[in-house]
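Engineer: final_12.txt is the file, holding compact mmCIF, C-alpha atoms and all ligand atoms:
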```
# COMPACT_ATOMS: atom_id res chain seq x y z
CA PRO A 1 121.32 116.47 111.00
CA ALA A 2 118.06 114.63 111.43
CA PRO A 3 117.44 115.22 115.11
CA ILE A 4 115.95 112.52 117.18
CA VAL A 5 112.52 113.68 118.02
CA GLY A 6 111.09 113.12 121.44
CA GLY A 7 112.69 114.27 124.62
CA ARG A 8 112.61 117.86 125.83
CA GLU A 9 114.83 120.55 124.41
CA ILE A 10 116.24 122.37 127.39
CA LYS A 11 119.39 124.05 128.53
CA LYS A 12 121.27 120.80 128.87
CA TRP A 13 120.13 119.80 125.40
CA VAL A 14 117.56 117.05 124.95
CA SER A 15 116.46 115.01 127.93
CA PHE A 16 115.45 111.42 127.21
CA ALA A 17 113.05 109.23 129.11
CA ILE A 18 114.52 106.17 130.77
CA GLU A 19 112.14 103.81 129.01
CA ASP A 20 113.44 105.00 125.63
CA LEU A 21 117.03 103.96 126.38
CA LYS A 22 118.49 100.50 126.15
CA VAL A 23 122.06 99.86 127.34
CA LYS A 24 123.95 97.04 125.65
CA ASN A 25 127.57 95.95 125.80
CA ALA A 26 130.47 98.05 127.11
CA LEU A 27 132.68 99.79 124.53
CA GLY A 28 135.36 100.99 126.86
CA GLU A 29 136.18 101.98 130.35
CA GLY A 30 138.37 104.86 131.47
CA SER A 31 139.30 105.83 134.99
CA TYR A 32 136.29 108.15 135.30
CA GLY A 33 133.62 106.69 133.16
CA GLN A 34 132.21 103.75 131.32
CA VAL A 35 131.06 103.83 127.72
CA PHE A 36 128.33 101.55 126.40
CA GLU A 37 126.67 100.86 123.14
CA GLY A 38 122.88 101.01 123.15
CA PHE A 39 119.67 102.05 121.48
CA LEU A 40 117.39 105.04 121.74
CA ARG A 41 113.71 104.72 120.83
CA CYS A 42 112.68 107.56 118.51
CA THR A 43 109.17 108.99 118.30
CA ASP A 44 108.62 107.28 114.95
CA GLY A 45 109.16 103.97 116.74
CA SER A 46 112.55 103.24 115.19
CA ASP A 47 115.64 102.50 117.24
CA GLU A 48 118.71 104.70 116.83
CA ARG A 49 122.07 103.14 117.64
CA VAL A 50 123.76 105.28 120.31
CA VAL A 51 126.76 105.49 122.61
CA LEU A 52 126.14 106.12 126.28
CA LYS A 53 128.57 107.35 128.88
CA ARG A 54 128.20 107.32 132.59
CA VAL A 55 130.67 108.26 135.31
CA LYS A 56 131.76 105.98 138.06
CA ARG A 57 130.09 107.36 141.11
CA ARG A 58 132.73 106.23 143.51
CA VAL A 59 135.58 108.07 141.81
CA GLU A 60 136.24 111.44 143.38
CA GLY A 61 135.59 114.36 141.05
CA ALA A 62 133.88 112.14 138.51
CA GLU A 63 130.48 113.84 138.83
CA GLU A 64 132.07 117.19 138.18
CA MET A 65 133.91 115.85 135.13
CA ASN A 66 130.64 114.46 133.83
CA ARG A 67 129.00 117.86 134.28
CA MET A 68 131.84 119.57 132.40
CA GLU A 69 131.69 117.06 129.56
CA HIS A 70 127.94 117.59 129.39
CA LEU A 71 128.29 121.38 129.17
CA LEU A 72 131.02 121.15 126.54
CA ASN A 73 128.96 118.80 124.41
CA VAL A 74 125.96 121.08 124.57
CA TYR A 75 128.10 124.02 123.56
CA ALA A 76 129.87 122.11 120.75
CA ALA A 77 126.59 120.70 119.47
CA ARG A 78 125.40 124.27 119.09
CA SER A 79 128.53 126.06 117.95
CA ALA A 80 130.69 123.46 116.22
CA ARG A 81 128.18 120.97 114.83
CA GLY A 82 129.78 118.24 112.77
CA ALA A 83 133.25 118.84 114.25
CA VAL A 84 132.74 116.16 116.86
CA ALA A 85 130.50 113.11 117.23
CA ASP A 86 126.82 114.14 117.36
CA PHE A 87 125.73 114.73 120.92
CA LEU A 88 122.05 113.79 121.22
CA GLY A 89 121.21 114.49 124.81
CA TYR A 90 121.16 113.02 128.25
CA CYS A 91 119.12 110.96 130.64
CA GLU A 92 118.97 111.46 134.36
CA VAL A 93 118.43 108.24 136.26
CA ALA A 94 117.37 108.57 139.89
CA ARG A 95 118.27 105.87 142.40
CA ASP A 96 114.79 104.37 142.48
CA GLN A 97 114.62 104.33 138.68
CA ALA A 98 117.86 102.47 138.10
CA PHE A 99 117.62 98.98 136.72
CA GLY A 100 120.03 96.63 135.01
CA LYS A 101 122.93 98.45 133.40
CA LEU A 102 121.05 101.75 133.51
CA THR A 103 122.42 102.73 136.87
CA GLU A 104 121.84 105.89 138.85
CA GLY A 105 123.32 109.13 137.52
CA VAL A 106 123.45 111.30 134.44
CA TRP A 107 123.94 109.43 131.18
CA LEU A 108 125.26 111.28 128.15
CA VAL A 109 124.07 110.04 124.76
CA TRP A 110 125.73 110.37 121.33
CA ARG A 111 124.91 109.02 117.93
CA TYR A 112 126.86 105.82 117.27
CA GLU A 113 129.38 106.90 114.63
CA GLY A 114 131.15 103.65 113.86
CA SER A 115 132.99 100.70 115.27
CA ARG A 116 136.60 101.70 114.63
CA THR A 117 138.79 104.40 116.06
CA LEU A 118 141.98 105.54 114.37
CA ALA A 119 143.85 103.61 117.06
CA ALA A 120 142.36 100.38 115.74
CA TYR A 121 143.58 101.18 112.22
CA LEU A 122 147.06 102.15 113.40
CA ARG A 123 147.43 98.75 115.06
CA ARG A 124 146.75 96.91 111.82
CA ARG A 125 149.55 95.66 109.64
CA ASP A 126 147.53 96.70 106.59
CA CYS A 127 146.78 100.13 108.06
CA LEU A 128 147.28 102.20 104.90
CA PRO A 129 145.52 99.85 102.44
CA ALA A 130 142.60 99.49 104.85
CA LEU A 131 142.29 103.27 105.28
CA SER A 132 142.75 103.78 101.57
CA ARG A 133 139.68 101.58 100.96
CA GLU A 134 137.58 103.26 103.66
CA LEU A 135 138.43 106.77 102.55
CA GLY A 136 138.51 106.16 98.82
CA VAL A 137 141.89 107.81 98.37
CA PRO A 138 145.24 106.35 97.21
CA ALA A 139 147.45 104.92 99.99
CA GLU A 140 149.94 107.77 99.67
CA ALA A 141 147.15 110.28 100.36
CA VAL A 142 145.87 108.54 103.51
CA ALA A 143 148.03 110.38 106.06
CA ALA A 144 147.17 113.78 104.60
CA THR A 145 143.46 112.94 104.35
CA VAL A 146 143.15 111.76 107.95
CA LEU A 147 145.11 114.79 109.12
CA ARG A 148 142.77 117.02 107.16
CA HIS A 149 139.74 115.46 108.87
CA ILE A 150 141.31 115.99 112.29
CA LEU A 151 142.32 119.56 111.47
CA GLU A 152 138.85 120.39 110.16
CA GLY A 153 137.34 119.21 113.42
CA LEU A 154 139.90 121.17 115.41
CA ALA A 155 139.48 124.32 113.32
CA ALA A 156 135.73 124.27 114.04
CA LEU A 157 136.26 123.71 117.78
CA HIS A 158 138.92 126.42 117.94
CA ALA A 159 136.71 128.87 116.06
CA ALA A 160 134.12 128.24 118.79
CA GLY A 161 136.71 128.92 121.50
CA VAL A 162 137.21 125.29 122.57
CA VAL A 163 140.55 123.49 122.92
CA HIS A 164 140.14 119.70 122.76
CA ARG A 165 143.27 118.87 124.81
CA ASP A 166 143.03 115.11 124.24
CA VAL A 167 143.57 114.57 120.52
CA LYS A 168 144.84 111.02 120.09
CA PRO A 169 143.99 108.03 117.88
CA LEU A 170 141.58 106.61 120.48
CA ASN A 171 139.59 109.83 120.32
CA VAL A 172 139.33 109.92 116.53
CA ILE A 173 136.58 107.71 115.14
CA PHE A 174 135.72 106.65 111.61
CA ALA A 175 132.19 107.94 111.10
CA GLU A 176 130.75 105.32 108.77
CA GLU A 177 127.89 107.39 107.43
CA ALA A 178 129.95 110.49 106.71
CA GLN A 179 132.88 108.32 105.49
CA ARG A 180 135.33 110.46 107.40
CA PHE A 181 137.15 110.67 110.68
CA LYS A 182 135.63 112.73 113.47
CA LEU A 183 136.87 113.80 116.85
CA ILE A 184 135.16 112.39 119.91
CA ASP A 185 135.53 112.80 123.68
CA LEU A 186 135.28 116.36 124.96
CA GLY A 187 135.94 115.06 128.48
CA ALA A 188 139.24 116.95 128.71
CA ALA A 189 138.25 119.88 126.50
CA ALA A 190 138.23 123.45 127.79
CA ASP A 191 135.84 126.18 126.72
CA LEU A 192 138.19 129.15 126.78
CA ARG A 193 135.46 131.68 126.13
CA THR A 194 133.77 131.09 129.44
CA GLY A 195 136.36 129.00 131.28
CA THR A 196 134.25 125.84 131.47
CA ASN A 197 136.53 122.92 132.44
CA TYR A 198 139.56 125.20 132.59
CA GLN A 199 141.83 125.53 135.62
CA PRO A 200 144.94 127.61 134.90
CA ASP A 201 147.31 125.44 136.92
CA GLU A 202 145.93 122.04 135.99
CA SER A 203 147.77 120.13 133.28
CA ILE A 204 146.24 117.45 131.10
CA LEU A 205 145.47 113.93 132.22
CA ASP A 206 146.97 111.87 129.40
CA PRO A 207 150.48 113.00 128.46
CA THR A 208 150.98 110.50 125.59
CA TYR A 209 149.97 112.89 122.82
CA ALA A 210 150.07 116.14 124.77
CA ALA A 211 152.20 119.07 123.65
CA PRO A 212 155.49 119.36 125.56
CA GLU A 213 154.49 122.67 127.15
CA GLN A 214 151.70 120.70 128.92
CA PHE A 215 149.42 123.71 129.34
CA CYS A 216 147.35 125.45 126.73
CA LEU A 217 147.63 128.82 128.47
CA PRO A 218 150.25 130.23 130.82
CA THR A 219 149.56 129.03 134.34
CA ASP A 220 149.19 132.60 135.60
CA SER A 221 146.24 133.22 133.28
CA PRO A 222 142.96 134.40 134.82
CA HIS A 223 140.60 131.76 136.13
CA LEU A 224 137.93 132.65 133.56
CA ALA A 225 135.10 130.65 135.09
CA ARG A 226 135.45 132.53 138.38
CA HIS A 227 134.71 135.84 136.72
CA ALA A 228 131.29 137.10 135.72
CA ARG A 229 130.38 135.72 132.31
CA PRO A 230 130.58 139.08 130.45
CA LEU A 231 134.00 139.80 131.92
CA ALA A 232 135.30 136.31 131.07
CA MET A 233 134.04 136.67 127.54
CA ALA A 234 135.74 140.05 127.24
CA MET A 235 139.07 138.68 128.50
CA SER A 236 138.96 135.54 126.40
CA PRO A 237 139.79 137.04 122.96
CA LEU A 238 142.80 138.76 124.50
CA LEU A 239 144.07 135.45 125.89
CA TRP A 240 143.50 133.71 122.55
CA GLY A 241 145.23 136.48 120.62
CA ARG A 242 148.17 136.61 122.92
CA HIS A 243 148.79 132.95 123.75
CA LYS A 244 147.06 130.92 121.03
CA PRO A 245 145.93 128.05 123.26
CA ASP A 246 144.70 126.12 120.22
CA LEU A 247 148.34 125.37 119.32
CA PHE A 248 148.22 122.75 122.06
CA ASP A 249 145.97 120.63 119.81
CA SER A 250 148.12 121.33 116.73
CA TYR A 251 150.97 119.45 118.34
CA SER A 252 148.87 116.35 119.06
CA ALA A 253 147.60 116.38 115.47
CA GLY A 254 151.23 116.54 114.31
CA LEU A 255 152.09 113.45 116.35
CA VAL A 256 149.14 111.53 114.94
CA PHE A 257 150.21 112.60 111.44
CA MET A 258 153.74 111.28 112.04
CA GLN A 259 152.33 107.91 113.17
CA LEU A 260 150.19 107.69 110.05
CA ALA A 261 153.02 108.68 107.75
CA VAL A 262 155.86 106.71 109.34
CA PRO A 263 154.82 103.08 110.08
CA ARG A 264 157.73 102.60 112.48
CA LEU A 265 156.37 105.23 114.85
CA ARG A 266 153.04 103.51 115.39
CA PRO A 267 153.75 101.27 118.40
CA PRO A 268 153.35 103.12 121.73
CA GLY A 269 156.98 102.50 122.68
CA ALA A 270 158.18 103.94 119.37
CA LEU A 271 156.06 107.05 119.90
CA ARG A 272 157.61 107.53 123.32
CA ALA A 273 161.10 107.16 121.84
CA PHE A 274 160.21 109.64 119.09
CA ARG A 275 159.10 112.19 121.65
CA GLU A 276 162.31 111.77 123.62
CA ALA A 277 164.42 112.07 120.49
CA MET A 278 162.50 115.19 119.41
CA ASN A 279 163.04 116.67 122.82
CA ALA A 280 166.78 116.01 122.49
CA CYS A 281 166.70 117.68 119.05
CA GLY A 282 165.03 120.84 120.38
CA HIS A 283 161.77 119.79 118.71
CA ASP A 284 163.34 120.38 115.32
CA LEU A 285 162.05 117.68 112.97
CA ALA A 286 164.82 118.34 110.42
CA ALA A 287 167.39 117.65 113.14
CA TRP A 288 165.56 114.46 114.12
CA ARG A 289 165.54 113.35 110.50
CA ALA A 290 169.27 114.01 110.11
CA ARG A 291 169.97 112.09 113.28
CA GLU A 292 167.68 109.09 112.75
CA ARG A 293 167.94 108.85 108.95
CA PRO A 294 164.65 106.94 108.54
CA PRO A 295 164.76 104.83 105.34
CA PRO A 296 162.73 106.15 102.38
CA ALA A 297 160.35 103.19 102.61
CA GLN A 298 159.26 104.57 106.00
CA THR A 299 158.75 108.16 104.89
CA ALA A 300 157.11 108.02 101.47
CA ALA A 301 154.09 110.04 102.64
CA LEU A 302 156.37 112.79 103.98
CA ASP A 303 158.71 112.83 100.96
CA ALA A 304 155.94 113.22 98.39
CA GLY A 305 155.39 116.66 96.87
CA GLY A 306 158.99 117.73 97.39
CA GLY A 307 158.91 116.92 101.10
CA ALA A 308 155.68 118.82 101.75
CA GLY A 309 154.75 116.33 104.48
CA TRP A 310 158.00 116.98 106.32
CA ASP A 311 157.37 120.72 106.29
CA LEU A 312 153.82 120.30 107.52
CA ALA A 313 154.79 117.90 110.33
CA ALA A 314 157.69 120.14 111.36
CA SER A 315 155.39 123.15 111.58
CA LEU A 316 152.93 121.28 113.81
CA LEU A 317 155.61 119.88 116.12
CA ARG A 318 157.50 123.11 116.73
CA PRO A 319 158.10 124.08 120.33
CA ARG A 320 156.40 126.88 122.11
CA ARG A 321 158.96 128.74 124.12
CA ILE A 322 158.10 128.62 127.77
CA ALA A 323 159.65 129.72 131.03
CA GLU A 324 159.14 128.08 134.37
CA LEU A 325 157.83 130.10 137.25
CA ASP A 326 159.10 129.75 140.82
CA ASN A 327 155.85 128.06 141.80
CA GLY A 328 156.36 125.33 139.23
CA GLY A 329 153.97 126.83 136.69
CA VAL A 330 154.86 128.01 133.23
CA VAL A 331 154.43 131.12 131.12
CA PHE A 332 154.85 131.32 127.37
CA ILE A 333 157.58 133.78 126.66
CA ASP A 334 156.75 134.04 123.04
CA ALA A 335 155.08 131.98 120.40
CA GLY A 336 156.29 133.94 117.43
CA ARG A 337 159.27 136.18 118.04
CA SER A 338 161.76 133.32 118.12
CA GLY A 339 161.19 132.72 114.43
CA ALA A 340 158.49 130.46 113.10
CA ALA A 341 155.67 129.62 115.48
CA ARG A 342 153.81 126.35 115.69
CA MET A 343 151.07 126.27 113.08
CA SER A 344 147.37 126.53 113.86
CA ALA A 345 144.86 123.99 112.53
CA THR A 346 143.49 126.56 110.10
CA ALA A 347 146.93 127.44 108.73
CA ALA A 348 147.86 123.77 108.45
CA LEU A 349 144.68 123.11 106.47
CA LYS A 350 145.74 125.68 103.91
P1 LIG B 1 136.64 108.06 127.56
O1 LIG B 1 136.37 109.27 128.35
O2 LIG B 1 136.48 106.78 128.31
O3 LIG B 1 137.92 108.13 126.78
P2 LIG B 1 135.31 108.28 124.96
O4 LIG B 1 134.27 109.32 124.74
O5 LIG B 1 136.64 108.52 124.33
O6 LIG B 1 135.42 108.00 126.53
O7 LIG B 1 134.73 106.88 124.46
C1 LIG B 1 135.42 105.67 124.68
C2 LIG B 1 135.37 104.79 123.45
O8 LIG B 1 134.02 104.55 123.09
C3 LIG B 1 136.00 105.44 122.21
O9 LIG B 1 137.39 105.23 122.15
C4 LIG B 1 135.25 104.75 121.10
O10 LIG B 1 135.79 103.48 120.84
C5 LIG B 1 133.86 104.57 121.68
N1 LIG B 1 132.99 105.71 121.29
C6 LIG B 1 132.84 106.88 121.94
N2 LIG B 1 131.97 107.70 121.31
C7 LIG B 1 131.53 107.02 120.23
C8 LIG B 1 130.60 107.31 119.17
N3 LIG B 1 129.94 108.47 119.10
N4 LIG B 1 130.40 106.34 118.24
C9 LIG B 1 131.04 105.16 118.31
N5 LIG B 1 131.93 104.83 119.26
C10 LIG B 1 132.19 105.74 120.22
MG MG B 2 138.55 108.92 125.03
```
Could you quickly redo this structure as structure tokens?
Ligand code: ADP
Ligand code: MG

Structural biologist:
Amino acid sequence: PAPIVGGREIKKWVSFAIEDLKVKNALGEGSYGQVFEGFLRCTDGSDERVVLKRVKRRVEGAEEMNRMEHLLNVYAARSARGAVADFLGYCEVARDQAFGKLTEGVWLVWRYEGSRTLAAYLRRRDCLPALSRELGVPAEAVAATVLRHILEGLAALHAAGVVHRDVKPLNVIFAEEAQRFKLIDLGAAADLRTGTNYQPDESILDPTYAAPEQFCLPTDSPHLARHARPLAMAMSPLLWGRHKPDLFDSYSAGLVFMQLAVPRLRPPGALRAFREAMNACGHDLAAWRARERPPPAQTAALDAGGGAGWDLAASLLRPRRIAELDNGGVVFIDAGRSGAARMSATAALK
């Protein structure tokens, strides 16, 4: 990518000068941070449209979350470029430098990818025709195409040892220049090579799209970040091989795919009901289908190709067998022995 020149290339990626940043209107606000649109002055004098994120200083733990998100973005920018929105760098604003919206703290800066997330498309009545136009594919290929974009992003993150842990339509953005969907928001991601942003007994923040097992590794797994880096990096491949933490993201991608393919499942309440029904069916999509009998008009994208979409969705939504520990944690008994395992992003792409 054409890097923005200027700034200093250092360990935390590129540091920008305060006078080169302009903060404009707010794009969104979560419980920990605020996201703004803005501009970054490049050395050639042009202004690059950017997205800026800053944590709320009064929320406990927010600074630490910001630091984790920063580290994960630096790592992903190096090792999984293109898989997620382009991270450009950061700007540290001291108290006496703050002015206007550029308040004290560390600001993270990304390239502005586009104005619409997948959530915005899913809310539209003309969701499929609109996506069909954007993506340049026939309406019946939309669900598979968007899923492919998500899986490609995930496959790259997983290959780098990162689990996203918050795959959902709000965190999938249509990148206008690349004409494709990209993942954003590594705020909940875990680097399972080094243990950055990973606590074995801490489950995810937003359960809406999270896999039913809730954890990406058994809760009695080693606390990687507390070990010396070489030891953590030696243990990590064993954990990946044994427990396949990336399958956590596969499940979320499967849910998003179902919402794209089956219009009825798009409203939040319908998604909740789908999850409950799947739970009651032992996470067996064929059983859900037999029970709910969705009309063919709702399932065209899944029925095509001899029901290929059904098979793919079923393989992403399969359960991981888990056992509860006395202390309330979980271990994965087995991901494979019980028959077919949930599919990885790479396998699903094939
Ligand atoms: P949060 O931690 O609040 O969820 P996100 O990183 O998901 O923060 O960003 C919040 C919103 O800001 C996104 O849902 C999206 O609408 C917008 N956004 C974030 N990053 C970008 C980007 N690179 N380009 C365009 N819009 C973005
Ligand atoms: Mg988000």

Engineer: Please, what distance in Å, to one decimal, runs between atom CA of A:Leu27 and atom CA of A:Arg49?

Structural biologist: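 Interatomic distance, atom CA of A:Leu27 to atom CA of A:Arg49: 13.1 Å.
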
Engineer: Could you tell me, counting all atoms listed in the file, which protein and nucleic acid residues lie no more than 6 Å from ligand LIG 1 (chain B), written as a VMD selection string?

Structural biologist: chain A and resid 27 to 30 33 35 51 85 110 to 115 117 170 to 171 184 to 185 187

Engineer: Between A:His243, A:Lys168, A:Arg342, A:Lys11, which one has atoms that come closest to A:Ala120, using all atoms listed in the file?

Structural biologist: A:Lys168

Engineer: At what distance in Å, to one decimal, does atom CA of A:Ala119 lie from atom CA of A:Pro245?

Structural biologist: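 It comes out at 25.3 Å.
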
Engineer: Of the candidates A:Val172, A:Ala211, A:Ala345, A:Met258, which shows the shortest atom-to-atom distance to A:Ala143, using all atoms listed in the file?

Structural biologist: A:Met258

Engineer: So that I can check the surroundings of A:Leu316, please list as a list in words every protein, DNA and RNA residue that reaches within 6 Å of it, counting all atoms listed in the file and ignoring chain neighbours fewer than 2 positions away.

Structural biologist: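 The residues satisfying every condition are Ser250, Tyr251, Gly254, Ala313, Ala314, Arg318, Arg342 and Met343 of chain A.
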
Engineer: Here is a test: counting all atoms listed in the file, which residue of A:Tyr90, A:Asn197, A:Ala83, A:Gly282 is nearest to A:Glu152?

Structural biologist: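 Closest to A:Glu152 of all the choices is A:Ala83.
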
Engineer: Using only C-alpha atoms and all ligand atoms, can you tell me which of A:Ile173, A:Ala261, A:Ala178, A:Leu317 comes closest to ligand MG 2 (chain B)?

Structural biologist: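 Looking only at the distances to ligand MG 2 (chain B), the closest residue turns out to be A:Ile173.
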
Engineer: Just to confirm, what's the straight-line distance from atom CA of A:Ala301 to atom CA of A:Val146 in Å (one decimal)?

Structural biologist: 12.3 Å

Engineer: When distances are computed from all atoms listed in the file, which of A:Ser252, A:Ser31, A:Ser315, A:Asn25 shows the smallest separation from ligand MG 2 (chain B)?

Structural biologist: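 Using all atoms listed in the file, the shortest distance to ligand MG 2 (chain B) belongs to A:Ser31.
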
Engineer: Using only C-alpha atoms and all ligand atoms, can you tell me which of A:Val109, A:Leu151, A:Leu205, A:Leu135 comes closest to ligand MG 2 (chain B)?

Structural biologist: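 For ligand MG 2 (chain B), the nearest of the given residues is A:Leu205.
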
Engineer: Using all atoms listed in the file, which residues sit within 12 Å of A:Phe99 once same-chain residues fewer than 3 positions away are excluded, as a PyMOL selection string?

Structural biologist: chain A and resi 18-19+21-23+93-96+102-105

Engineer: I'd like the contact shell of A:Gln298 - 9 Å cut-off, all atoms listed in the file, skipping same-chain residues fewer than 3 positions apart - returned as number ranges by chain.

Structural biologist: A: 261-264, 294-295, 301-302

Engineer: Up to 6 Å from (115.3, 114.1, 131.1) in the file's coordinates: name the residues, counting all atoms listed in the file, as a PyMOL selection string.

Structural biologist: chain A and resi 15-17+91-92

Engineer: Hey, what's within 9 Å of A:Lys24 if we count only C-alpha atoms and toss same-chain stuff fewer than 2 positions away? As a ChimeraX atom specification, please?

Structural biologist: /A:22,26,36-39,101

Engineer: So which residues touch stretch 272-280 of chain A within 9 Å, counting all atoms listed in the file, skipping near sequence neighbours fewer than 5 positions away, as a PDB file with C-alpha atoms, in the coordinates of the input?

Structural biologist:
```
ATOM      1  CA  THR A 208     150.980 110.500 125.590  1.00  0.00           C
ATOM      2  CA  PRO A 212     155.490 119.360 125.560  1.00  0.00           C
ATOM      3  CA  LEU A 255     152.090 113.450 116.350  1.00  0.00           C
ATOM      4  CA  LEU A 265     156.370 105.230 114.850  1.00  0.00           C
ATOM      5  CA  PRO A 267     153.750 101.270 118.400  1.00  0.00           C
ATOM      6  CA  LEU A 285     162.050 117.680 112.970  1.00  0.00           C
ATOM      7  CA  ALA A 287     167.390 117.650 113.140  1.00  0.00           C
ATOM      8  CA  TRP A 288     165.560 114.460 114.120  1.00  0.00           C
ATOM      9  CA  GLU A 292     167.680 109.090 112.750  1.00  0.00           C
ATOM     10  CA  LEU A 317     155.610 119.880 116.120  1.00  0.00           C
TER      11      LEU A 317
END
```

Engineer: Could you tell me, as a list in words, which residues have any atom at most 7 Å from (135.9, 119.4, 124.8), counting all atoms listed in the file?

Structural biologist: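 Here the neighbourhood of the point contains Glu69, Leu72, Asn73, Val162, Val163, His164, Asp185, Leu186, Gly187, Ala188, Ala189 and Ala190 of chain A.
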